[in-house]
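Undergrad: Below are the structure tokens for one structure; questions will follow.
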Amino acid sequence: MTSFGSFLRQLARDLWSQKLRTFLTVFGIIWGTVAVALLLAVGEGVHQRQTRSFAGLGDRIVIAWPSRTSLPFEGLGKGRRVRVDESDIEFLERRVEGLAAISSEYNDNLRARYGGRTRLVDVSGVSPVFGVMRNMIPAEGGRFINPTDMAERRRVVFVGNELADDLFGDVDPVGEEVMLHGSPFLVVGVLKAKDQDSSYSGRDHSKMIIPSTTFMALTGQRWVDLFIYKAPTPDGNEALTKRVLAALGERKRFDPTDTQALGIWDTTEMFVWFDTFMLAFKLFLGFMGVLTLTVGGIGVSNIMNVVVEERTREIGIKMALGARGRTVLGQFLLETMVLTAIGGLIGLALTWAFCAAVAGSPVENAIGTPVLSPGIALLTASVLGLVGFLAGFFPARNAARLDPVVAMKL
Amino acid sequence: MNWPLTKKHNGEAGGNGHIIEMVGITKVYDTGKIKVEALRGIDLVVDPGEFVAIVGPSGSGKSTLLNLVGCLDTPTDGSYHLGGEAVAGLDRDALADVRNRRVGFVFQNFNLLPQLTALENVEMPLLFGGVGRRERRRRALDQLARVGLADRVEHRPTELSGGQMQRVAIARALAMEPDIVLADEPTGNLDTGSGSDVMSLLTELWGQGRTLVVVTHDKGLARRAGRVVEIRDGLVVTDELAVA
Ligand SMILES: Nc1ncnc2c1ncn2[C@@H]1O[C@H](COP(=O)(O)OP(=O)(O)OP(=O)(O)O)[C@@H](O)[C@H]1O
Ligand SMILES: [Mg+2]
């Protein structure tokens, strides 16, 4: 390693003496890196954002709403209404295997009043597990409704973040009292802002959530509007739904294959579909990126070919002075690697800067925050490394294989 | 002057103590369309400490022969022993080591690396020879001083005269202290003045006991040699001791 310093100095001088060529090489690699890293980063950003939006509705839950039968069953005609109440939910909880969580949901439009402000609000009565299933995370200082609220039919309310802004203004809603349907309710929590791009009963940010027991007492409603449930793992949802239909069909006397009796929305399908779509999308992006890098690599390789050709005489002289082929090869390899590394680093830095710029700009709403993950950076760097290696290796090897005189005369 | 005594050789193979021993060397350049027989069966034996001048008309094969002696090129046929070792049996790395340690080569067109200083050019063989940085620098400076360029070590080749460049090249050839110095028309690109400087330098090397093989058109330089080998059409036509 004694020669490393002088070696680097020589390298710098060689590169400097070929300014344009060095610049073009580095530029090609920067271009390739930015193309690949940015494509993948944007792809990853879109994926993460979309997954988060989906999860805003709930993390791989199944939503079921009782409806009307469309098939006759055991002598009963079709078109009968299926009604589900709290005892049916408890029945399902007891009887259906592999049910990780279930919650009923009752919905109504109720009048809410705080101070001088009155709003007509979508109110849902639910169980405590609903909060976890539907990704309703309380903002700091608050909580979701809990089992005691349920058992004691407490008049407590969990408020959507936008509704809270609208109704309470600058006041911290937690601990405040709000009139709901003529009764005083204590605000126990506010929803932490989240992405949500689909819903079935209004966006969560504009809703009020109260215990289902309280809801029934307040409104006198008996039948659930819908219920949500999930299996321990997302891939169990499909089989679980079959068991739910069978159990409920037996109890409510409808055909378990009747697709109308119970409306079913398995959000897992959405995730599966989207994951598949994103995989294809990322493969496509990655393919484009690798293609771009390959084209860049061919360019670099061409440049290196010319460089080696121009410097074949130099290689010949060095070999005449006793340099081994390995030494000559190593020099060119290192040169290409250094160029590749410089280009790659600049490229990654540019990509990172771009990601950071998008993060605070309006563009973020459209495409999400591009994510330059270490994995992507590593992948790009290794592809670049390979390209650099191949680009330097072959021309230099050919030159190092010549007899010194032949090389010197070229 | 007290030059070492030299004998005439007839190219017997197998003799001991020969530093260069070539038998039946041929070299054919095959450019695809035409084949050029540059060397057609050369026998050449050189003993340690000899000063051999190779002369002959242009295109007779002098450079080709010298390149083969210096292991810069491979013969088409024939056998070549360098210091008793068969060159044909050496792999590429071993050949590189032979070039590095055993021979110093001086070219007509200097062949210095233009982006390096005089010092760095002279350090080059030492670098390939695995000599450490300090030692490399010391030895390179030493050689440059010996050729009278102590005040030019940081100059690039473009900042030097032809004579100075050739002296840098000689310092480079001597850096690894080889026992054989080969020079292909070392004065060919120089004016009379710097040419005779270079000639004196080379003659001095011989005086120090090195084996010297020089290709030259220069009658003066040939006259200084102890032995003159004349080549014509790829064959040795005369090989005789110079009459001092
Ligand atoms: N690389 C090559 N390819 C084809 N032919 C070559 C090559 N090098 C040399 N020759 C031919 O081989 C012959 C000998 O060439 P060489 O260079 O050895 O001559 P020379 O005696 O050194 O001449 P000069 O005095 O002009 O330098 C010439 O006919 C030359 O054209
Ligand atoms: Mg010649």
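Naming works like this for the structure tokens: A, B, ... for the chains as they're shown, residue 1 at the start of each chain, ligands 1 onward in shown order.
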If you count only C-alpha atoms, which residues fall within 10 Å of segment 179-186 of chain B, apart from same-chain ones fewer than 4 positions away, as a PyMOL selection string?

TA: chain B and resi 19-20+48-55+62-64+66-67+69-70+83+101-110+163+166-167+169-170+173-174+190+195+198-199+202+205-206+209-218+221

Undergrad: Kindly determine which residues of chain A lie within 8 Å of chain B, considering only C-alpha atoms, and give the answer as a PyMOL selection string.

TA: chain A and resi 2-3+10+13-14+314+317-325+403-406

Undergrad: Would you pick out the contacts of Asp142 of chain B at 9 Å or less, using only C-alpha atoms, so that residues sharing its chain but fewer than 5 positions from it are not included, and give the list as number ranges by chain?

TA: B: 137, 147, 150, 171, 175

Undergrad: B:Glu159, B:Asp30, B:Asp191, B:Asp47: which is nearest ligand 1, counting only C-alpha atoms and all ligand atoms?

TA: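 Of B:Glu159, B:Asp30, B:Asp191, B:Asp47, the one nearest ligand 1, counting only C-alpha atoms and all ligand atoms, is B:Asp30.
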
Undergrad: Give the residues close to ligand 1, within 7 Å, counting only C-alpha atoms and all ligand atoms; write them as a compact mmCIF listing (two decimals) with N, CA, C and O atoms, in the first residue's frame.

TA:
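Done, and the output landed in result38.txt:
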```txt
# COMPACT_ATOMS: atom_id res chain seq x y z
N VAL A 406 3.92 -4.93 -29.44
CA VAL A 406 2.69 -4.75 -30.21
C VAL A 406 1.89 -3.60 -29.62
O VAL A 406 1.40 -2.72 -30.33
N TYR B 29 6.19 -11.96 -39.35
CA TYR B 29 5.03 -11.09 -39.13
C TYR B 29 3.95 -11.49 -40.11
O TYR B 29 4.16 -11.44 -41.31
N ASP B 30 2.84 -11.90 -39.59
CA ASP B 30 1.75 -12.32 -40.45
C ASP B 30 0.65 -11.26 -40.38
O ASP B 30 -0.10 -11.19 -39.42
N THR B 31 0.61 -10.42 -41.41
CA THR B 31 -0.37 -9.33 -41.38
C THR B 31 -1.66 -9.72 -42.07
O THR B 31 -2.47 -8.88 -42.39
N VAL B 36 5.80 -11.43 -43.52
CA VAL B 36 7.15 -10.85 -43.59
C VAL B 36 8.06 -11.69 -42.70
O VAL B 36 7.82 -11.84 -41.51
N GLU B 37 9.10 -12.24 -43.32
CA GLU B 37 10.09 -12.98 -42.54
C GLU B 37 11.15 -12.00 -42.08
O GLU B 37 12.13 -11.75 -42.77
N ALA B 38 10.96 -11.43 -40.91
CA ALA B 38 11.87 -10.39 -40.42
C ALA B 38 13.19 -11.00 -39.97
O ALA B 38 14.25 -10.42 -40.18
N GLY B 56 23.26 -2.72 -39.63
CA GLY B 56 22.65 -3.29 -40.82
C GLY B 56 21.71 -2.29 -41.45
O GLY B 56 21.34 -1.30 -40.81
N PRO B 57 21.34 -2.54 -42.71
CA PRO B 57 20.46 -1.59 -43.39
C PRO B 57 19.06 -1.55 -42.77
O PRO B 57 18.69 -2.45 -42.02
N SER B 58 18.35 -0.51 -43.11
CA SER B 58 16.98 -0.36 -42.61
C SER B 58 16.12 -1.54 -43.06
O SER B 58 16.21 -1.98 -44.21
N GLY B 59 15.34 -2.05 -42.16
CA GLY B 59 14.44 -3.16 -42.49
C GLY B 59 15.10 -4.51 -42.43
O GLY B 59 14.48 -5.53 -42.75
N SER B 60 16.33 -4.57 -41.98
CA SER B 60 17.04 -5.85 -41.96
C SER B 60 16.63 -6.72 -40.78
O SER B 60 16.91 -7.92 -40.75
N GLY B 61 15.97 -6.13 -39.77
CA GLY B 61 15.50 -6.93 -38.64
C GLY B 61 16.19 -6.63 -37.33
O GLY B 61 16.04 -7.38 -36.36
N LYS B 62 16.92 -5.53 -37.25
CA LYS B 62 17.68 -5.19 -36.03
C LYS B 62 16.76 -4.98 -34.83
O LYS B 62 16.96 -5.57 -33.77
N SER B 63 15.74 -4.13 -35.03
CA SER B 63 14.82 -3.86 -33.91
C SER B 63 14.09 -5.12 -33.50
O SER B 63 13.89 -5.39 -32.31
N THR B 64 13.67 -5.88 -34.50
CA THR B 64 12.97 -7.13 -34.20
C THR B 64 13.82 -8.02 -33.31
O THR B 64 13.35 -8.56 -32.31
N LEU B 65 15.09 -8.13 -33.65
CA LEU B 65 16.00 -8.96 -32.87
C LEU B 65 16.15 -8.43 -31.44
O LEU B 65 16.06 -9.19 -30.47
```

Undergrad: Please run DSSP on the backbone and report, as a ChimeraX atom specification, all residues within segment 30-204 of chain B that come out as helix (DSSP H, G or I).

TA: /B:62-69,87-89,92-101,118-128,133-146,150-152,157-159,162-174,192-204

Undergrad: Can you list, as a PyMOL selection string, every protein, DNA or RNA residue that comes within 9 Å of Thr214 of chain A when you count only C-alpha atoms, leaving out same-chain residues fewer than 6 positions away?

TA: chain A and resi 125+149-150+152-156

Undergrad: Measuring atom to atom with only C-alpha atoms, identify which of A:Pro147, A:Pro138, A:Gly115, A:Gly77 is nearest to Phe168 of chain A.

TA: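 Once distances to Phe168 of chain A are computed over only C-alpha atoms, the minimum belongs to A:Gly115.
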
Undergrad: Give me, please, the distance in Å between atom CA of Asp235 of chain A and atom CA of Ala64 of chain A, quoted to one decimal.

TA: 17.4 Å

Undergrad: From the list B:Ala118, B:Ile25, B:Leu90, B:Leu201, which residue is nearest Arg224 of chain B when using only C-alpha atoms?

TA: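 Nearest candidate to Arg224 of chain B out of B:Ala118, B:Ile25, B:Leu90, B:Leu201: B:Leu201.
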
Undergrad: Give the strand (DSSP E) residues of segment 260-352 of chain A, as DSSP finds them on the backbone, and put them as a PyMOL selection string.

TA: chain A and resi 262-266

Undergrad: Keeping all heavy atoms, export the residues of the selection given above as an mmCIF file, in the first residue's frame.

TA:
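Final output, result-v3.cif:
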```cif
data_model
loop_
_atom_site.group_PDB
_atom_site.id
_atom_site.type_symbol
_atom_site.label_atom_id
_atom_site.label_comp_id
_atom_site.auth_asym_id
_atom_site.auth_seq_id
_atom_site.Cartn_x
_atom_site.Cartn_y
_atom_site.Cartn_z
ATOM 1 N N LEU A 262 -76.016 -11.059 2.612
ATOM 2 C CA LEU A 262 -75.049 -10.277 3.362
ATOM 3 C C LEU A 262 -74.104 -9.646 2.352
ATOM 4 O O LEU A 262 -73.460 -10.351 1.589
ATOM 5 C CB LEU A 262 -74.283 -11.223 4.304
ATOM 6 C CG LEU A 262 -73.783 -10.690 5.639
ATOM 7 C CD1 LEU A 262 -74.906 -10.092 6.461
ATOM 8 C CD2 LEU A 262 -73.105 -11.813 6.395
ATOM 9 N N GLY A 263 -74.090 -8.306 2.322
ATOM 10 C CA GLY A 263 -73.115 -7.653 1.442
ATOM 11 C C GLY A 263 -71.731 -7.809 2.053
ATOM 12 O O GLY A 263 -71.552 -7.624 3.246
ATOM 13 N N ILE A 264 -70.768 -8.237 1.244
ATOM 14 C CA ILE A 264 -69.424 -8.493 1.778
ATOM 15 C C ILE A 264 -68.405 -7.656 1.011
ATOM 16 O O ILE A 264 -68.397 -7.635 -0.214
ATOM 17 C CB ILE A 264 -69.036 -9.985 1.617
ATOM 18 C CG1 ILE A 264 -69.969 -10.900 2.424
ATOM 19 C CG2 ILE A 264 -67.572 -10.215 1.987
ATOM 20 C CD1 ILE A 264 -69.698 -10.916 3.898
ATOM 21 N N TRP A 265 -67.559 -6.954 1.745
ATOM 22 C CA TRP A 265 -66.442 -6.256 1.117
ATOM 23 C C TRP A 265 -65.179 -6.668 1.852
ATOM 24 O O TRP A 265 -64.952 -6.253 2.990
ATOM 25 C CB TRP A 265 -66.654 -4.735 1.184
ATOM 26 C CG TRP A 265 -65.529 -3.961 0.551
ATOM 27 C CD1 TRP A 265 -64.549 -4.444 -0.251
ATOM 28 C CD2 TRP A 265 -65.289 -2.556 0.687
ATOM 29 N NE1 TRP A 265 -63.711 -3.447 -0.649
ATOM 30 C CE2 TRP A 265 -64.136 -2.275 -0.089
ATOM 31 C CE3 TRP A 265 -65.934 -1.523 1.373
ATOM 32 C CZ2 TRP A 265 -63.613 -0.988 -0.177
ATOM 33 C CZ3 TRP A 265 -65.407 -0.254 1.275
ATOM 34 C CH2 TRP A 265 -64.264 0.028 0.498
ATOM 35 N N ASP A 266 -64.446 -7.560 1.203
ATOM 36 C CA ASP A 266 -63.190 -8.022 1.797
ATOM 37 C C ASP A 266 -62.073 -7.094 1.312
ATOM 38 O O ASP A 266 -61.662 -7.152 0.161
ATOM 39 C CB ASP A 266 -62.920 -9.468 1.362
ATOM 40 C CG ASP A 266 -61.697 -10.051 2.057
ATOM 41 O OD1 ASP A 266 -60.924 -9.280 2.659
ATOM 42 O OD2 ASP A 266 -61.527 -11.280 1.985
#
```

Undergrad: Which polymer residues have any atom within 12 Å of an atom of Met216 of chain A, counting only C-alpha atoms, with same-chain residues fewer than 4 positions away left out, as a PyMOL selection string?

TA: chain A and resi 85-86+104-108+123-126+150+153-155+210-212+220-225

Undergrad: Do you know which residues are at most 7 Å from Arg117 of chain A counting only C-alpha atoms, after dropping those on the same chain fewer than 3 positions away, and could you put them as number ranges by chain?

TA: A: 113-114, 167

Undergrad: Only all heavy atoms, please: the residues just picked out, written as a short mmCIF file (atom, residue, chain, number, x, y, z; two decimals), in the first residue's frame.

TA:
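To be explicit, this is the file written out as again.cif:
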```
data_model
loop_
_atom_site.label_atom_id
_atom_site.label_comp_id
_atom_site.auth_asym_id
_atom_site.auth_seq_id
_atom_site.Cartn_x
_atom_site.Cartn_y
_atom_site.Cartn_z
N ARG A 113 -73.60 19.86 19.11
CA ARG A 113 -73.50 21.28 19.41
C ARG A 113 -72.38 21.50 20.40
O ARG A 113 -72.21 20.79 21.38
CB ARG A 113 -74.82 21.80 19.96
CG ARG A 113 -74.85 23.32 20.23
CD ARG A 113 -76.29 23.82 20.32
NE ARG A 113 -77.03 23.14 21.38
CZ ARG A 113 -76.91 23.44 22.68
NH1 ARG A 113 -76.10 24.39 23.08
NH2 ARG A 113 -77.63 22.80 23.58
N TYR A 114 -71.54 22.50 20.09
CA TYR A 114 -70.51 22.91 21.04
C TYR A 114 -70.43 24.42 21.01
O TYR A 114 -70.28 25.01 19.93
CB TYR A 114 -69.15 22.31 20.67
CG TYR A 114 -68.03 22.81 21.58
CD1 TYR A 114 -67.86 22.27 22.85
CD2 TYR A 114 -67.18 23.83 21.17
CE1 TYR A 114 -66.86 22.72 23.69
CE2 TYR A 114 -66.17 24.30 21.99
CZ TYR A 114 -66.01 23.75 23.25
OH TYR A 114 -65.03 24.21 24.08
N LEU A 167 -65.42 22.16 14.84
CA LEU A 167 -66.35 22.35 15.95
C LEU A 167 -65.69 23.06 17.14
O LEU A 167 -66.30 23.91 17.78
CB LEU A 167 -66.88 20.98 16.40
CG LEU A 167 -68.25 20.93 17.06
CD1 LEU A 167 -69.31 21.58 16.18
CD2 LEU A 167 -68.63 19.47 17.34
#
```

Undergrad: I'd like the interatomic distance between atom CA of Gln164 of chain B and atom CA of Val228 of chain B, to a tenth of an Å.

TA: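 We find that atom CA of Gln164 of chain B and atom CA of Val228 of chain B lie 27.2 Å from each other.
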
Undergrad: Between atom CA of Val290 of chain A and atom CA of Leu379 of chain A, measure the distance and give it in Å to one decimal.

TA: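 Atom-to-atom, atom CA of Val290 of chain A and atom CA of Leu379 of chain A are spaced 10.3 Å apart.
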